[in-house]
file run_23.csv (CSV, C-alpha atoms)
chain,number,residue,atom,x,y,z
A,28,MET,CA,-4.7,-16.0,-4.8
A,29,LYS,CA,-3.2,-15.8,-8.3
A,30,THR,CA,0.3,-14.8,-9.1
A,31,ILE,CA,0.7,-11.6,-11.3
A,32,ASP,CA,3.5,-9.5,-12.5
A,33,ILE,CA,4.2,-6.4,-10.3
A,34,ARG,CA,3.5,-4.3,-13.4
A,35,GLU,CA,-0.1,-5.7,-13.4
A,36,VAL,CA,-1.0,-4.2,-10.1
A,37,ARG,CA,-4.0,-2.0,-10.8
A,38,GLU,CA,-3.9,0.2,-7.7
A,39,ASN,CA,-1.8,3.3,-7.2
A,40,VAL,CA,1.0,2.1,-5.0
A,41,VAL,CA,1.3,5.5,-3.2
A,42,ARG,CA,-2.4,5.1,-2.2
A,43,LEU,CA,-1.8,1.5,-1.2
A,44,ILE,CA,1.0,2.3,1.2
A,45,SER,CA,0.2,5.8,2.4
A,46,ASP,CA,-3.6,5.9,2.5
A,47,GLY,CA,-4.5,2.3,2.7
A,48,TRP,CA,-1.7,1.1,4.9
A,49,GLY,CA,-0.4,-2.5,4.8
A,50,LEU,CA,1.2,-5.1,6.9
A,51,LEU,CA,4.9,-5.9,6.9
A,52,THR,CA,5.3,-9.5,8.1
A,53,ALA,CA,8.5,-11.5,8.7
A,54,GLY,CA,9.1,-14.9,10.0
A,55,THR,CA,8.0,-18.4,9.4
A,56,PRO,CA,4.6,-20.0,9.7
A,57,ASP,CA,5.6,-21.2,13.2
A,58,SER,CA,7.1,-17.9,14.4
A,59,PHE,CA,6.3,-14.5,12.8
A,60,ASN,CA,5.3,-11.0,13.6
A,61,MET,CA,3.7,-8.2,11.6
A,62,MET,CA,3.3,-4.4,11.9
A,63,THR,CA,1.3,-1.8,10.1
A,64,VAL,CA,3.2,0.3,7.6
A,65,SER,CA,2.2,3.6,6.0
A,66,TRP,CA,5.7,4.6,4.9
A,67,GLY,CA,7.5,2.8,2.2
A,68,ALA,CA,8.2,2.7,-1.5
A,69,LEU,CA,7.9,0.4,-4.5
A,70,GLY,CA,10.0,0.7,-7.6
A,71,GLU,CA,13.2,-0.3,-9.4
A,72,LEU,CA,16.7,-0.3,-7.9
A,73,TRP,CA,19.9,-2.1,-9.1
A,74,GLY,CA,17.9,-3.7,-12.0
A,75,LYS,CA,15.4,-5.3,-9.6
A,76,ASP,CA,11.8,-4.6,-8.7
A,77,VAL,CA,12.0,-3.6,-5.0
A,78,ALA,CA,10.0,-2.8,-2.0
A,79,ILE,CA,11.6,-0.4,0.6
A,80,VAL,CA,10.3,-0.5,4.2
A,81,PHE,CA,11.3,1.4,7.3
A,82,VAL,CA,11.3,-0.1,10.8
A,83,ARG,CA,12.0,1.6,14.1
A,84,PRO,CA,14.4,-0.1,16.5
A,85,GLN,CA,11.7,-0.7,19.2
A,86,ARG,CA,9.4,-2.7,16.9
A,87,TYR,CA,9.2,-6.4,17.6
A,88,THR,CA,9.0,-7.1,13.9
A,89,LEU,CA,12.6,-5.8,13.5
A,90,GLU,CA,13.9,-9.0,15.2
A,91,PHE,CA,12.1,-11.2,12.6
A,92,LEU,CA,13.3,-9.0,9.7
A,93,GLU,CA,16.8,-9.2,10.8
A,94,ARG,CA,16.7,-12.9,11.3
A,95,GLU,CA,14.8,-14.0,8.2
A,96,ASP,CA,15.7,-13.7,4.5
A,97,ARG,CA,12.2,-12.9,3.3
A,98,PHE,CA,9.3,-10.7,4.2
A,99,THR,CA,5.9,-9.8,2.9
A,100,LEU,CA,4.0,-6.6,2.3
A,101,SER,CA,0.2,-7.2,2.2
A,102,PHE,CA,-2.7,-4.9,1.5
A,103,TYR,CA,-6.3,-5.1,2.4
A,104,ASP,CA,-9.8,-3.7,1.7
A,105,PRO,CA,-10.8,-0.7,3.8
A,106,SER,CA,-13.0,-2.8,6.0
A,107,TYR,CA,-9.7,-4.2,7.6
A,108,ARG,CA,-8.6,-0.7,8.8
A,109,PRO,CA,-9.5,-1.6,12.4
A,110,ALA,CA,-7.3,-4.8,12.2
A,111,LEU,CA,-4.5,-2.8,10.7
A,112,ALA,CA,-4.8,-0.1,13.4
A,113,LEU,CA,-4.5,-2.9,16.1
A,114,CYS,CA,-1.4,-4.3,14.3
A,115,GLY,CA,0.2,-0.9,14.4
A,116,SER,CA,-0.6,-0.1,18.0
A,117,LYS,CA,-0.1,-3.4,19.8
A,118,SER,CA,3.1,-5.4,20.2
A,119,GLY,CA,3.4,-9.1,19.2
A,120,ARG,CA,5.4,-9.4,22.4
A,121,ASP,CA,2.2,-8.9,24.4
A,122,LEU,CA,-0.5,-10.7,22.4
A,123,ASP,CA,-1.2,-12.8,19.3
A,124,LYS,CA,-1.9,-9.9,17.0
A,125,ALA,CA,-3.2,-12.1,14.1
A,126,ALA,CA,-5.9,-13.6,16.4
A,127,ALA,CA,-6.7,-10.3,18.0
A,128,ALA,CA,-7.1,-8.7,14.6
A,129,GLY,CA,-9.1,-11.5,13.1
A,130,LEU,CA,-6.5,-12.3,10.5
A,131,THR,CA,-5.7,-15.8,9.2
A,132,PRO,CA,-2.0,-16.5,8.7
A,133,ALA,CA,-1.2,-18.1,5.3
A,134,GLU,CA,2.2,-19.6,4.3
A,135,THR,CA,3.7,-18.3,1.1
A,136,ASP,CA,7.2,-19.1,-0.2
A,137,GLY,CA,8.6,-19.9,3.3
A,138,THR,CA,7.2,-16.7,4.9
A,139,VAL,CA,3.8,-15.4,6.0
A,140,THR,CA,0.9,-13.4,4.6
A,141,PHE,CA,-2.8,-13.4,5.6
A,142,ALA,CA,-5.7,-15.0,3.8
A,143,GLN,CA,-7.7,-11.7,3.9
A,144,ALA,CA,-5.0,-9.8,1.9
A,145,LYS,CA,-6.1,-8.5,-1.5
A,146,LEU,CA,-2.5,-8.1,-2.6
A,147,THR,CA,0.7,-9.6,-1.2
A,148,LEU,CA,4.3,-8.9,-2.3
A,149,VAL,CA,6.9,-11.6,-1.3
A,150,CYS,CA,10.3,-10.0,-0.9
A,151,ARG,CA,13.9,-11.2,-0.4
A,152,LYS,CA,16.1,-8.9,1.6
A,153,ILE,CA,18.9,-7.5,-0.6
A,154,ALA,CA,20.1,-4.5,1.5
A,155,VAL,CA,19.8,-3.2,5.0
A,156,GLN,CA,20.9,0.2,6.2
A,157,PRO,CA,20.4,2.2,9.4
A,158,MET,CA,19.0,5.7,8.7
A,159,ASP,CA,21.6,8.4,9.2
A,160,PRO,CA,20.2,11.7,10.3
A,161,ALA,CA,23.4,13.4,8.9
A,162,GLY,CA,21.7,12.9,5.5
A,163,PHE,CA,18.6,14.8,6.4
A,164,LEU,CA,18.5,18.0,4.2
A,165,ASP,CA,15.1,19.1,5.3
A,166,PRO,CA,15.1,20.2,8.9
A,167,ALA,CA,11.4,19.2,9.3
A,168,ILE,CA,12.4,15.5,9.0
A,169,ALA,CA,13.9,15.7,12.5
A,170,GLN,CA,10.4,16.2,13.9
A,171,CYS,CA,9.7,12.6,13.0
A,172,TYR,CA,12.6,11.5,15.3
A,173,GLU,CA,12.2,13.4,18.6
A,174,ASN,CA,13.3,10.3,20.5
A,175,GLY,CA,16.2,9.6,18.2
A,176,ASP,CA,14.7,6.2,17.2
A,177,TYR,CA,15.8,6.3,13.6
A,178,HIS,CA,14.4,3.7,11.2
A,179,LYS,CA,16.4,0.9,9.8
A,180,VAL,CA,15.8,0.7,6.0
A,181,PHE,CA,15.2,-2.7,4.4
A,182,ILE,CA,15.2,-3.1,0.6
A,183,GLY,CA,13.6,-6.3,-0.7
A,184,GLU,CA,13.6,-7.7,-4.2
A,185,ILE,CA,10.0,-8.4,-5.1
A,186,LEU,CA,10.0,-12.2,-5.9
A,187,LYS,CA,6.3,-12.8,-6.2
A,188,VAL,CA,3.1,-10.8,-6.3
A,189,CYS,CA,-0.2,-12.5,-5.4
A,190,GLU,CA,-3.7,-10.9,-5.9
A,191,ALA,CA,-7.0,-12.1,-4.6
call {"tool": "encode", "arguments": {"input": "run_23.csv", "output": "structure tokens"}}
result
Amino acid sequence: MKTIDIREVRENVVRLISDGWGLLTAGTPDSFNMMTVSWGALGELWGKDVAIVFVRPQRYTLEFLEREDRFTLSFYDPSYRPALALCGSKSGRDLDKAAAAGLTPAETDGTVTFAQAKLTLVCRKIAVQPMDPAGFLDPAIAQCYENGDYHKVFIGEILKVCEA
């Protein structure tokens, strides 16, 4: 993988996250977990290039995100869609998701990505905030939270971007 500037990413970031999905991974090479994401944002905030991710309270990955300073967002060719589906539907509490999905963990900057990634963003947490439903202006948003399991929002400064 080669390091590039975030502004050199050739793909549409909305398509990367929403249509292509990605993996949000937190932890160390010895202890990590990942989950599939299809909600998120990339942009600028507070004078920094940032990634914004959303994690529900029941997700095992939340424990790693809360404990660690860094996380990665990684994106894959469409042929990895079944692996991403597995990572979004199974818990790392119950199985080794990387092995089950056929993904090879790779250390980067003290955190984890996967050798199969076509693009990896290494991020440092700079803000965390529980989502407050009092701020929902569109009543349709409540349909996403029938169980009251509101996301926790993590904002990460993008420290490094690696491309295959």
call {"tool": "closest_residue", "arguments": {"input": "run_23.csv", "among": "A:Leu92, A:Ile31, A:Ala128, A:Ile185", "to": "A:Ala112", "atoms": "only C-alpha atoms"}}
result
A:Ala128
call {"tool": "closest_residue", "arguments": {"input": "run_23.csv", "among": "A:Asp57, A:Asp176, A:Glu134, A:Asp121", "to": "A:Pro84", "atoms": "only C-alpha atoms"}}
result
A:Asp176
call {"tool": "residues_around", "arguments": {"input": "run_23.csv", "residues": "A:Glu35", "least_positions_apart": "2", "cutoff": "12 Å", "atoms": "all atoms listed in the file", "output": "ChimeraX atom specification"}}
result
/A:29-33,37-40,146,187-190
call {"tool": "closest_residue", "arguments": {"input": "run_23.csv", "among": "A:Val77, A:Ala126, A:Ala169, A:Ile182", "to": "A:Lys152", "atoms": "only C-alpha atoms"}}
result
A:Ile182
call {"tool": "atom_distance", "arguments": {"input": "run_23.csv", "atom1": "atom CA of A:Phe91", "atom2": "atom CA of A:Phe59"}}
result
6.7 Å
call {"tool": "closest_residue", "arguments": {"input": "run_23.csv", "among": "A:Leu72, A:Leu186, A:Ala167, A:Leu130", "to": "A:Arg97", "atoms": "only C-alpha atoms"}}
result
A:Leu186
call {"tool": "residues_around", "arguments": {"input": "run_23.csv", "residues": "A:Thr140", "least_positions_apart": "5", "cutoff": "10 Å", "atoms": "all atoms listed in the file", "output": "list of chain:residue names"}}
result
A:Leu50, A:Leu51, A:Thr52, A:Ala53, A:Gly54, A:Thr55, A:Pro56, A:Phe59, A:Met61, A:Phe98, A:Thr99, A:Leu100, A:Ser101, A:Phe102, A:Leu130, A:Thr131, A:Pro132, A:Ala133, A:Glu134, A:Thr135, A:Leu146, A:Thr147, A:Leu148, A:Val149
call {"tool": "write_last_selection", "arguments": {"input": "run_23.csv", "atoms": "C-alpha atoms", "output": "CSV table (one decimal), in the coordinates of the input"}}
result
chain,number,residue,atom,x,y,z
A,50,LEU,CA,1.2,-5.1,6.9
A,51,LEU,CA,4.9,-5.9,6.9
A,52,THR,CA,5.3,-9.5,8.1
A,53,ALA,CA,8.5,-11.5,8.7
A,54,GLY,CA,9.1,-14.9,10.0
A,55,THR,CA,8.0,-18.4,9.4
A,56,PRO,CA,4.6,-20.0,9.7
A,59,PHE,CA,6.3,-14.5,12.8
A,61,MET,CA,3.7,-8.2,11.6
A,98,PHE,CA,9.3,-10.7,4.2
A,99,THR,CA,5.9,-9.8,2.9
A,100,LEU,CA,4.0,-6.6,2.3
A,101,SER,CA,0.2,-7.2,2.2
A,102,PHE,CA,-2.7,-4.9,1.5
A,130,LEU,CA,-6.5,-12.3,10.5
A,131,THR,CA,-5.7,-15.8,9.2
A,132,PRO,CA,-2.0,-16.5,8.7
A,133,ALA,CA,-1.2,-18.1,5.3
A,134,GLU,CA,2.2,-19.6,4.3
A,135,THR,CA,3.7,-18.3,1.1
A,146,LEU,CA,-2.5,-8.1,-2.6
A,147,THR,CA,0.7,-9.6,-1.2
A,148,LEU,CA,4.3,-8.9,-2.3
A,149,VAL,CA,6.9,-11.6,-1.3
call {"tool": "closest_residue", "arguments": {"input": "run_23.csv", "among": "A:Asn174, A:Gln156, A:Gln143, A:Asn60", "to": "A:Lys117", "atoms": "all atoms listed in the file"}}
result
A:Asn60
call {"tool": "decode", "arguments": {"input": "run_23.csv", "residues": "stretch 122-135 of chain A", "atoms": "N, CA and C atoms", "output": "mmCIF file, in the first residue's frame"}}
result
data_model
loop_
_atom_site.group_PDB
_atom_site.id
_atom_site.type_symbol
_atom_site.label_atom_id
_atom_site.label_comp_id
_atom_site.auth_asym_id
_atom_site.auth_seq_id
_atom_site.Cartn_x
_atom_site.Cartn_y
_atom_site.Cartn_z
ATOM 1 N N LEU A 122 -17.062 -15.291 17.370
ATOM 2 C CA LEU A 122 -16.158 -15.950 16.441
ATOM 3 C C LEU A 122 -15.061 -14.995 16.004
ATOM 4 N N ASP A 123 -14.026 -15.556 15.418
ATOM 5 C CA ASP A 123 -12.944 -14.770 14.827
ATOM 6 C C ASP A 123 -13.453 -14.313 13.455
ATOM 7 N N LYS A 124 -13.962 -13.093 13.410
ATOM 8 C CA LYS A 124 -14.578 -12.617 12.169
ATOM 9 C C LYS A 124 -13.579 -12.495 11.031
ATOM 10 N N ALA A 125 -12.352 -12.076 11.322
ATOM 11 C CA ALA A 125 -11.354 -11.949 10.260
ATOM 12 C C ALA A 125 -11.140 -13.299 9.577
ATOM 13 N N ALA A 126 -10.941 -14.342 10.357
ATOM 14 C CA ALA A 126 -10.726 -15.676 9.792
ATOM 15 C C ALA A 126 -11.968 -16.148 9.036
ATOM 16 N N ALA A 127 -13.136 -15.959 9.641
ATOM 17 C CA ALA A 127 -14.383 -16.408 9.010
ATOM 18 C C ALA A 127 -14.645 -15.675 7.695
ATOM 19 N N ALA A 128 -14.229 -14.417 7.624
ATOM 20 C CA ALA A 128 -14.450 -13.618 6.419
ATOM 21 C C ALA A 128 -13.317 -13.763 5.411
ATOM 22 N N GLY A 129 -12.249 -14.456 5.793
ATOM 23 C CA GLY A 129 -11.115 -14.621 4.896
ATOM 24 C C GLY A 129 -10.273 -13.362 4.757
ATOM 25 N N LEU A 130 -10.233 -12.556 5.810
ATOM 26 C CA LEU A 130 -9.462 -11.312 5.784
ATOM 27 C C LEU A 130 -8.178 -11.469 6.591
ATOM 28 N N THR A 131 -7.111 -10.862 6.107
ATOM 29 C CA THR A 131 -5.808 -10.949 6.752
ATOM 30 C C THR A 131 -5.515 -9.650 7.492
ATOM 31 N N PRO A 132 -5.491 -9.682 8.840
ATOM 32 C CA PRO A 132 -5.193 -8.459 9.595
ATOM 33 C C PRO A 132 -3.800 -7.934 9.257
ATOM 34 N N ALA A 133 -3.690 -6.607 9.212
ATOM 35 C CA ALA A 133 -2.412 -5.959 8.934
ATOM 36 C C ALA A 133 -2.271 -4.764 9.870
ATOM 37 N N GLU A 134 -1.146 -4.697 10.571
ATOM 38 C CA GLU A 134 -0.899 -3.588 11.489
ATOM 39 C C GLU A 134 -0.577 -2.327 10.697
ATOM 40 N N THR A 135 -1.112 -1.212 11.146
ATOM 41 C CA THR A 135 -0.767 0.082 10.583
ATOM 42 C C THR A 135 -0.867 1.139 11.667
#
